[in-house]
file model-v1.cif (mmCIF, C-alpha atoms)
data_structure
loop_
_atom_site.label_atom_id
_atom_site.label_comp_id
_atom_site.auth_asym_id
_atom_site.auth_seq_id
_atom_site.Cartn_x
_atom_site.Cartn_y
_atom_site.Cartn_z
CA GLY A 23 -11.17 34.99 -5.94
CA ALA A 24 -8.17 36.60 -7.62
CA LEU A 25 -5.74 34.13 -6.06
CA LEU A 26 -7.84 31.19 -7.19
CA ASN A 27 -8.07 32.58 -10.74
CA HIS A 28 -4.28 32.40 -11.01
CA SER A 29 -4.06 28.92 -9.49
CA ALA A 30 -3.21 25.95 -11.69
CA CYS A 31 -5.76 23.93 -9.73
CA PHE A 32 -8.90 25.92 -10.53
CA VAL A 33 -10.58 27.01 -13.75
CA PRO A 34 -10.82 30.82 -13.80
CA LEU A 35 -14.23 32.47 -13.55
CA GLY A 36 -15.58 35.95 -14.19
CA VAL A 37 -14.55 38.87 -16.37
CA GLY A 38 -11.21 38.29 -18.10
CA ALA A 39 -11.31 34.53 -17.51
CA ALA A 40 -10.32 33.76 -21.11
CA GLU A 41 -7.02 35.66 -20.75
CA VAL A 42 -6.27 33.88 -17.48
CA VAL A 43 -6.95 30.51 -19.14
CA ALA A 44 -4.48 31.41 -21.89
CA GLU A 45 -1.86 32.15 -19.21
CA ALA A 46 -2.64 28.91 -17.35
CA VAL A 47 -1.89 26.83 -20.44
CA GLU A 48 1.73 27.91 -20.20
CA LYS A 49 2.06 26.80 -16.58
CA ARG A 50 3.42 23.36 -15.87
CA ILE A 51 1.96 21.24 -13.15
CA MET A 52 4.42 18.81 -11.65
CA SER A 53 4.00 15.80 -9.49
CA PRO A 54 4.15 16.36 -5.73
CA LEU A 55 6.64 13.50 -5.62
CA ILE A 56 9.49 15.74 -6.84
CA PRO A 57 9.27 18.34 -4.03
CA LEU A 58 8.77 15.56 -1.48
CA LEU A 59 11.94 13.83 -2.66
CA GLN A 60 13.80 17.17 -2.67
CA HIS A 61 12.69 17.78 0.92
CA TRP A 62 13.67 14.27 1.95
CA PHE A 63 17.15 14.64 0.45
CA ALA A 64 17.57 18.13 1.92
CA THR A 65 16.72 16.97 5.43
CA SER A 66 18.63 13.68 5.26
CA SER A 67 22.30 13.11 5.75
CA LEU A 68 24.11 11.19 3.06
CA GLU A 69 25.54 8.75 5.58
CA THR A 70 22.28 7.35 6.93
CA PRO A 71 19.16 8.51 5.10
CA ARG A 72 16.14 8.76 7.40
CA LEU A 73 12.53 8.02 6.65
CA HIS A 74 9.79 9.05 9.04
CA LEU A 75 7.44 6.10 8.87
CA THR A 76 3.91 7.14 9.72
CA GLN A 77 0.92 4.84 9.45
CA SER A 78 -0.13 6.47 6.18
CA VAL A 79 3.33 6.05 4.63
CA ALA A 80 3.45 2.44 5.80
CA LEU A 81 -0.03 1.81 4.39
CA SER A 82 0.95 3.34 1.05
CA LEU A 83 4.05 1.16 0.82
CA THR A 84 2.06 -1.91 1.90
CA LEU A 85 -0.59 -1.30 -0.74
CA ALA A 86 2.01 -0.76 -3.46
CA VAL A 87 3.86 -3.98 -2.66
CA GLU A 88 0.84 -6.19 -1.92
CA LEU A 89 -1.18 -5.04 -4.93
CA LEU A 90 1.81 -5.68 -7.18
CA VAL A 91 2.02 -9.21 -5.78
CA ALA A 92 -1.74 -9.69 -6.26
CA TYR A 93 -1.47 -8.49 -9.86
CA LEU A 94 1.45 -10.82 -10.59
CA TRP A 95 -0.44 -13.68 -8.94
CA TRP A 96 -3.54 -12.90 -11.06
CA ARG A 97 -1.45 -12.72 -14.23
CA TRP A 98 0.27 -16.04 -13.44
CA ARG A 99 -3.07 -17.76 -12.67
CA LYS A 100 -4.55 -16.38 -15.87
CA TRP A 101 -1.71 -17.74 -18.00
CA PHE A 102 -1.09 -21.06 -16.26
CA GLY A 103 -4.02 -21.79 -13.99
CA ARG A 104 -6.84 -24.21 -14.66
CA HIS A 105 -9.17 -22.67 -12.09
CA ARG A 106 -11.54 -19.77 -12.51
CA ILE A 107 -10.08 -16.51 -11.30
CA PRO A 108 -11.83 -13.30 -10.32
CA ASP A 109 -11.85 -10.23 -12.51
CA LEU A 110 -8.66 -8.20 -12.01
CA ALA A 111 -10.55 -5.17 -10.68
CA GLN A 112 -12.41 -7.37 -8.17
CA LEU A 113 -9.19 -8.98 -6.99
CA MET A 114 -7.36 -5.68 -6.63
CA ALA A 115 -10.29 -4.10 -4.78
CA ALA A 116 -10.57 -7.09 -2.44
CA CYS A 117 -6.83 -7.12 -1.71
CA ALA A 118 -6.77 -3.35 -1.13
CA ALA A 119 -9.79 -3.64 1.15
CA CYS A 120 -8.04 -6.35 3.17
CA SER A 121 -5.02 -4.12 3.72
CA LEU A 122 -7.16 -1.09 4.50
CA VAL A 123 -9.13 -3.05 7.10
CA THR A 124 -6.23 -4.87 8.74
CA HIS A 125 -3.46 -2.27 8.60
CA PRO A 126 -4.70 -0.22 11.59
CA CYS A 127 -5.04 -3.51 13.50
CA VAL A 128 -1.40 -4.34 12.77
CA TRP A 129 -0.22 -1.12 14.34
CA PHE A 130 -2.60 -1.42 17.28
CA TRP A 131 -1.68 -5.02 18.01
CA ALA A 132 2.05 -4.42 17.55
CA TRP A 133 2.34 -1.26 19.65
CA VAL A 134 -0.48 -1.64 22.19
CA VAL A 135 -1.57 -5.27 22.63
CA PHE A 136 1.84 -6.96 22.19
CA ALA A 137 3.95 -3.98 23.29
CA SER A 138 5.87 -5.92 25.94
CA ALA A 139 6.77 -8.83 23.63
CA SER A 140 10.09 -9.00 21.81
CA ARG A 141 10.15 -7.45 18.34
CA LEU A 142 10.46 -10.78 16.53
CA LEU A 143 7.64 -12.41 18.50
CA ARG A 144 5.43 -9.32 18.22
CA GLU A 145 5.86 -8.97 14.45
CA GLY A 146 5.59 -12.70 13.87
CA VAL A 147 2.35 -13.12 15.80
CA VAL A 148 0.79 -10.03 14.26
CA GLU A 149 1.71 -11.06 10.69
CA VAL A 150 0.34 -14.57 11.17
CA LEU A 151 -2.93 -13.17 12.53
CA ILE A 152 -3.21 -10.65 9.69
CA THR A 153 -2.39 -13.24 7.04
CA VAL A 154 -5.13 -15.57 8.27
CA VAL A 155 -7.68 -12.75 8.56
CA GLU A 156 -6.88 -11.39 5.09
CA GLY A 157 -6.98 -14.88 3.56
CA LEU A 158 -10.42 -15.52 5.05
CA ILE A 159 -11.68 -12.11 3.89
CA LEU A 160 -10.43 -12.83 0.36
CA HIS A 161 -12.14 -16.21 0.39
CA VAL A 162 -15.48 -14.80 1.56
CA VAL A 163 -15.45 -11.83 -0.82
CA LEU A 164 -14.28 -13.69 -3.93
CA ARG A 165 -15.69 -17.20 -3.47
CA ARG A 166 -18.35 -16.83 -6.19
CA ASP A 167 -15.78 -15.95 -8.85
CA TRP A 168 -12.93 -18.06 -7.59
CA ASP A 169 -12.81 -21.80 -7.14
CA VAL A 170 -9.45 -22.22 -5.43
CA GLY A 171 -10.96 -22.42 -1.95
CA VAL A 172 -9.65 -21.27 1.38
CA LEU A 173 -6.16 -22.66 0.72
CA GLY A 174 -5.81 -20.58 -2.44
CA SER A 175 -6.96 -17.46 -0.60
CA LEU A 176 -4.52 -18.11 2.22
CA THR A 177 -1.71 -18.73 -0.28
CA LEU A 178 -2.29 -15.35 -1.92
CA SER A 179 -2.50 -13.71 1.50
CA VAL A 180 0.79 -15.33 2.56
CA ALA A 181 2.48 -14.16 -0.66
CA MET A 182 1.24 -10.59 -0.22
CA ASN A 183 2.14 -10.35 3.46
CA VAL A 184 5.54 -12.02 3.16
CA SER A 185 6.43 -9.67 0.30
CA SER A 186 5.46 -6.57 2.28
CA VAL A 187 7.35 -7.77 5.37
CA VAL A 188 10.46 -8.55 3.31
CA PHE A 189 10.17 -5.14 1.63
CA GLY A 190 9.84 -3.51 5.06
CA PHE A 191 12.92 -5.26 6.42
CA ALA A 192 14.86 -4.40 3.24
CA LEU A 193 13.81 -0.77 3.58
CA CYS A 194 14.92 -0.73 7.22
CA SER A 195 18.32 -2.15 6.25
CA VAL A 196 18.90 0.64 3.71
CA VAL A 197 17.21 3.61 5.39
CA ASP A 198 17.12 4.62 9.04
CA VAL A 199 13.40 4.39 9.74
CA VAL A 200 12.13 6.62 12.53
CA GLY A 201 8.64 6.68 13.95
CA GLY A 202 6.55 3.57 14.13
CA VAL A 203 4.37 4.09 17.15
CA PHE A 204 0.61 3.69 17.27
CA SER A 205 -1.30 6.91 16.75
CA LEU A 206 -4.78 7.80 15.62
#
call {"tool": "encode", "arguments": {"input": "model-v1.cif", "output": "structure tokens"}}
result
Amino acid sequence: GALLNHSACFVPLGVGAAEVVAEAVEKRIMSPLIPLLQHWFATSSLETPRLHLTQSVALSLTLAVELLVAYLWWRWRKWFGRHRIPDLAQLMAACAACSLVTHPCVWFWAWVVFASASRLLREGVVEVLITVVEGLILHVVLRRDWDVGVLGSLTLSVAMNVSSVVFGFALCSVVDVVGGVFSL
């Protein structure tokens, strides 16, 4: 209990809690991003920075890139489009759900099913499959609020997936990426 009362994460309880709250106000809580970046720089050489790419890191980067593309697409359609578009929250949730559903499949297909294929063939086949699946999911989920049809859904899916693949290749050209095997 005493350790938790002095933690910045928990509200103090019990006798003397008011004094502990007064002390906690003076504490600064910082983002976990700063220590993570410090650790990354401390363990990396300046010549070739390394990034350990786990499935969760890859998923986080994929979501960041693809949701940015979905937002920009939504904004562009809102300003210039003549078709109905879904609510932004619906679109973002649908696009995130697509990535969350298909991302484990990407790693499984790339490292287990197509393991013996060349890298270019393996990544190309997997990305085409994922793009089609995500486009169809988007169409089914958003068809009531969106009148662009299957082609519009596939277009958004292509834009999101191409952007994340290009980002991934750009990241690999700047940083030495290690890891990348299928794991549960």
call {"tool": "atom_distance", "arguments": {"input": "model-v1.cif", "atom1": "atom CA of A:Leu75", "atom2": "atom CA of A:Cys127"}}
result
16.4 Å
call {"tool": "residues_around", "arguments": {"input": "model-v1.cif", "residues": "A:Trp95", "least_positions_apart": "5", "cutoff": "12 Å", "atoms": "all atoms listed in the file", "output": "PyMOL selection string"}}
result
chain A and resi 88-90+100-103+107-108+110+113-114+117+174-175+177-182
call {"tool": "closest_residue", "arguments": {"input": "model-v1.cif", "among": "A:His161, A:Trp131, A:Asp167, A:His105", "to": "A:Leu143", "atoms": "all atoms listed in the file"}}
result
A:Trp131
call {"tool": "atom_distance", "arguments": {"input": "model-v1.cif", "atom1": "atom CA of A:Arg166", "atom2": "atom CA of A:His125"}}
result
25.5 Å
call {"tool": "atom_distance", "arguments": {"input": "model-v1.cif", "atom1": "atom CA of A:Leu176", "atom2": "atom CA of A:Trp133"}}
result
25.2 Å
call {"tool": "resolve_selection", "arguments": {"input": "model-v1.cif", "expression": "the PyMOL selection byres ((chain A and resi 126) around 10)", "output": "list in words"}}
result
Gln77, Ser78, Leu81, Ser121, Leu122, Val123, Thr124, His125, Cys127, Val128, Trp129, Phe130, Trp131, Ala132, Phe204, Ser205 and Leu206 of chain A
call {"tool": "closest_residue", "arguments": {"input": "model-v1.cif", "among": "A:Ala139, A:Ala119, A:Ile152, A:Val170", "to": "A:Asn183", "atoms": "all atoms listed in the file"}}
result
A:Ile152
call {"tool": "build_atoms", "arguments": {"input": "model-v1.cif", "residues": "stretch 122-133 of chain A", "atoms": "all heavy atoms", "output": "PDB file, in the frame of the given file"}}
result
ATOM      1  N   LEU A 122      -6.579  -2.272   3.860  1.00  0.00           N
ATOM      2  CA  LEU A 122      -7.160  -1.090   4.500  1.00  0.00           C
ATOM      3  C   LEU A 122      -7.853  -1.435   5.812  1.00  0.00           C
ATOM      4  O   LEU A 122      -7.835  -0.649   6.753  1.00  0.00           O
ATOM      5  CB  LEU A 122      -8.149  -0.413   3.549  1.00  0.00           C
ATOM      6  CG  LEU A 122      -7.515   0.287   2.346  1.00  0.00           C
ATOM      7  CD1 LEU A 122      -8.595   0.698   1.349  1.00  0.00           C
ATOM      8  CD2 LEU A 122      -6.699   1.488   2.778  1.00  0.00           C
ATOM      9  N   VAL A 123      -8.438  -2.627   5.883  1.00  0.00           N
ATOM     10  CA  VAL A 123      -9.130  -3.050   7.100  1.00  0.00           C
ATOM     11  C   VAL A 123      -8.129  -3.506   8.162  1.00  0.00           C
ATOM     12  O   VAL A 123      -8.266  -3.181   9.345  1.00  0.00           O
ATOM     13  CB  VAL A 123     -10.138  -4.172   6.779  1.00  0.00           C
ATOM     14  CG1 VAL A 123     -10.633  -4.849   8.044  1.00  0.00           C
ATOM     15  CG2 VAL A 123     -11.305  -3.620   5.976  1.00  0.00           C
ATOM     16  N   THR A 124      -7.122  -4.258   7.753  1.00  0.00           N
ATOM     17  CA  THR A 124      -6.230  -4.870   8.740  1.00  0.00           C
ATOM     18  C   THR A 124      -5.041  -4.000   9.137  1.00  0.00           C
ATOM     19  O   THR A 124      -4.461  -4.215  10.205  1.00  0.00           O
ATOM     20  CB  THR A 124      -5.700  -6.228   8.234  1.00  0.00           C
ATOM     21  OG1 THR A 124      -4.985  -6.024   7.012  1.00  0.00           O
ATOM     22  CG2 THR A 124      -6.846  -7.203   8.032  1.00  0.00           C
ATOM     23  N   HIS A 125      -4.663  -3.050   8.311  1.00  0.00           N
ATOM     24  CA  HIS A 125      -3.460  -2.270   8.600  1.00  0.00           C
ATOM     25  C   HIS A 125      -3.526  -1.516   9.934  1.00  0.00           C
ATOM     26  O   HIS A 125      -2.556  -1.545  10.708  1.00  0.00           O
ATOM     27  CB  HIS A 125      -3.141  -1.313   7.453  1.00  0.00           C
ATOM     28  CG  HIS A 125      -1.721  -0.888   7.427  1.00  0.00           C
ATOM     29  ND1 HIS A 125      -1.292   0.267   8.027  1.00  0.00           N
ATOM     30  CD2 HIS A 125      -0.624  -1.474   6.913  1.00  0.00           C
ATOM     31  CE1 HIS A 125       0.012   0.380   7.864  1.00  0.00           C
ATOM     32  NE2 HIS A 125       0.436  -0.664   7.190  1.00  0.00           N
ATOM     33  N   PRO A 126      -4.636  -0.855  10.257  1.00  0.00           N
ATOM     34  CA  PRO A 126      -4.700  -0.220  11.590  1.00  0.00           C
ATOM     35  C   PRO A 126      -4.601  -1.247  12.724  1.00  0.00           C
ATOM     36  O   PRO A 126      -4.030  -0.958  13.774  1.00  0.00           O
ATOM     37  CB  PRO A 126      -6.070   0.463  11.600  1.00  0.00           C
ATOM     38  CG  PRO A 126      -6.439   0.624  10.173  1.00  0.00           C
ATOM     39  CD  PRO A 126      -5.812  -0.523   9.447  1.00  0.00           C
ATOM     40  N   CYS A 127      -5.127  -2.442  12.478  1.00  0.00           N
ATOM     41  CA  CYS A 127      -5.040  -3.510  13.500  1.00  0.00           C
ATOM     42  C   CYS A 127      -3.596  -3.926  13.722  1.00  0.00           C
ATOM     43  O   CYS A 127      -3.193  -4.208  14.854  1.00  0.00           O
ATOM     44  CB  CYS A 127      -5.873  -4.709  13.084  1.00  0.00           C
ATOM     45  SG  CYS A 127      -7.625  -4.359  12.935  1.00  0.00           S
ATOM     46  N   VAL A 128      -2.810  -3.972  12.661  1.00  0.00           N
ATOM     47  CA  VAL A 128      -1.400  -4.340  12.770  1.00  0.00           C
ATOM     48  C   VAL A 128      -0.700  -3.386  13.730  1.00  0.00           C
ATOM     49  O   VAL A 128       0.006  -3.811  14.648  1.00  0.00           O
ATOM     50  CB  VAL A 128      -0.708  -4.319  11.389  1.00  0.00           C
ATOM     51  CG1 VAL A 128       0.796  -4.407  11.524  1.00  0.00           C
ATOM     52  CG2 VAL A 128      -1.233  -5.435  10.516  1.00  0.00           C
ATOM     53  N   TRP A 129      -0.884  -2.104  13.499  1.00  0.00           N
ATOM     54  CA  TRP A 129      -0.220  -1.120  14.340  1.00  0.00           C
ATOM     55  C   TRP A 129      -0.745  -1.179  15.764  1.00  0.00           C
ATOM     56  O   TRP A 129       0.018  -1.067  16.711  1.00  0.00           O
ATOM     57  CB  TRP A 129      -0.376   0.279  13.742  1.00  0.00           C
ATOM     58  CG  TRP A 129       0.524   0.486  12.575  1.00  0.00           C
ATOM     59  CD1 TRP A 129       0.483  -0.194  11.393  1.00  0.00           C
ATOM     60  CD2 TRP A 129       1.597   1.394  12.479  1.00  0.00           C
ATOM     61  NE1 TRP A 129       1.469   0.245  10.562  1.00  0.00           N
ATOM     62  CE2 TRP A 129       2.167   1.230  11.204  1.00  0.00           C
ATOM     63  CE3 TRP A 129       2.125   2.346  13.327  1.00  0.00           C
ATOM     64  CZ2 TRP A 129       3.254   1.975  10.774  1.00  0.00           C
ATOM     65  CZ3 TRP A 129       3.206   3.094  12.887  1.00  0.00           C
ATOM     66  CH2 TRP A 129       3.757   2.916  11.637  1.00  0.00           C
ATOM     67  N   PHE A 130      -2.027  -1.345  15.931  1.00  0.00           N
ATOM     68  CA  PHE A 130      -2.600  -1.420  17.280  1.00  0.00           C
ATOM     69  C   PHE A 130      -2.087  -2.643  18.017  1.00  0.00           C
ATOM     70  O   PHE A 130      -1.641  -2.551  19.155  1.00  0.00           O
ATOM     71  CB  PHE A 130      -4.132  -1.436  17.198  1.00  0.00           C
ATOM     72  CG  PHE A 130      -4.790  -1.558  18.540  1.00  0.00           C
ATOM     73  CD1 PHE A 130      -4.810  -0.481  19.416  1.00  0.00           C
ATOM     74  CD2 PHE A 130      -5.376  -2.745  18.938  1.00  0.00           C
ATOM     75  CE1 PHE A 130      -5.410  -0.584  20.661  1.00  0.00           C
ATOM     76  CE2 PHE A 130      -5.977  -2.856  20.187  1.00  0.00           C
ATOM     77  CZ  PHE A 130      -5.989  -1.778  21.045  1.00  0.00           C
ATOM     78  N   TRP A 131      -2.146  -3.800  17.357  1.00  0.00           N
ATOM     79  CA  TRP A 131      -1.680  -5.020  18.010  1.00  0.00           C
ATOM     80  C   TRP A 131      -0.194  -4.954  18.318  1.00  0.00           C
ATOM     81  O   TRP A 131       0.258  -5.378  19.382  1.00  0.00           O
ATOM     82  CB  TRP A 131      -1.970  -6.247  17.155  1.00  0.00           C
ATOM     83  CG  TRP A 131      -3.425  -6.580  17.034  1.00  0.00           C
ATOM     84  CD1 TRP A 131      -4.431  -6.167  17.846  1.00  0.00           C
ATOM     85  CD2 TRP A 131      -4.029  -7.403  16.036  1.00  0.00           C
ATOM     86  NE1 TRP A 131      -5.638  -6.682  17.420  1.00  0.00           N
ATOM     87  CE2 TRP A 131      -5.411  -7.442  16.298  1.00  0.00           C
ATOM     88  CE3 TRP A 131      -3.558  -8.099  14.939  1.00  0.00           C
ATOM     89  CZ2 TRP A 131      -6.304  -8.150  15.526  1.00  0.00           C
ATOM     90  CZ3 TRP A 131      -4.450  -8.808  14.161  1.00  0.00           C
ATOM     91  CH2 TRP A 131      -5.804  -8.836  14.451  1.00  0.00           C
ATOM     92  N   ALA A 132       0.601  -4.438  17.374  1.00  0.00           N
ATOM     93  CA  ALA A 132       2.050  -4.420  17.550  1.00  0.00           C
ATOM     94  C   ALA A 132       2.495  -3.448  18.638  1.00  0.00           C
ATOM     95  O   ALA A 132       3.418  -3.742  19.390  1.00  0.00           O
ATOM     96  CB  ALA A 132       2.736  -4.069  16.235  1.00  0.00           C
ATOM     97  N   TRP A 133       1.850  -2.286  18.742  1.00  0.00           N
ATOM     98  CA  TRP A 133       2.340  -1.260  19.650  1.00  0.00           C
ATOM     99  C   TRP A 133       1.519  -1.103  20.928  1.00  0.00           C
ATOM    100  O   TRP A 133       1.935  -0.398  21.834  1.00  0.00           O
ATOM    101  CB  TRP A 133       2.435   0.077  18.937  1.00  0.00           C
ATOM    102  CG  TRP A 133       3.477   0.021  17.892  1.00  0.00           C
ATOM    103  CD1 TRP A 133       3.287  -0.099  16.551  1.00  0.00           C
ATOM    104  CD2 TRP A 133       4.895   0.014  18.084  1.00  0.00           C
ATOM    105  NE1 TRP A 133       4.490  -0.170  15.897  1.00  0.00           N
ATOM    106  CE2 TRP A 133       5.496  -0.100  16.806  1.00  0.00           C
ATOM    107  CE3 TRP A 133       5.714   0.096  19.205  1.00  0.00           C
ATOM    108  CZ2 TRP A 133       6.873  -0.128  16.639  1.00  0.00           C
ATOM    109  CZ3 TRP A 133       7.082   0.066  19.021  1.00  0.00           C
ATOM    110  CH2 TRP A 133       7.647  -0.052  17.758  1.00  0.00           C
TER     111      TRP A 133
END
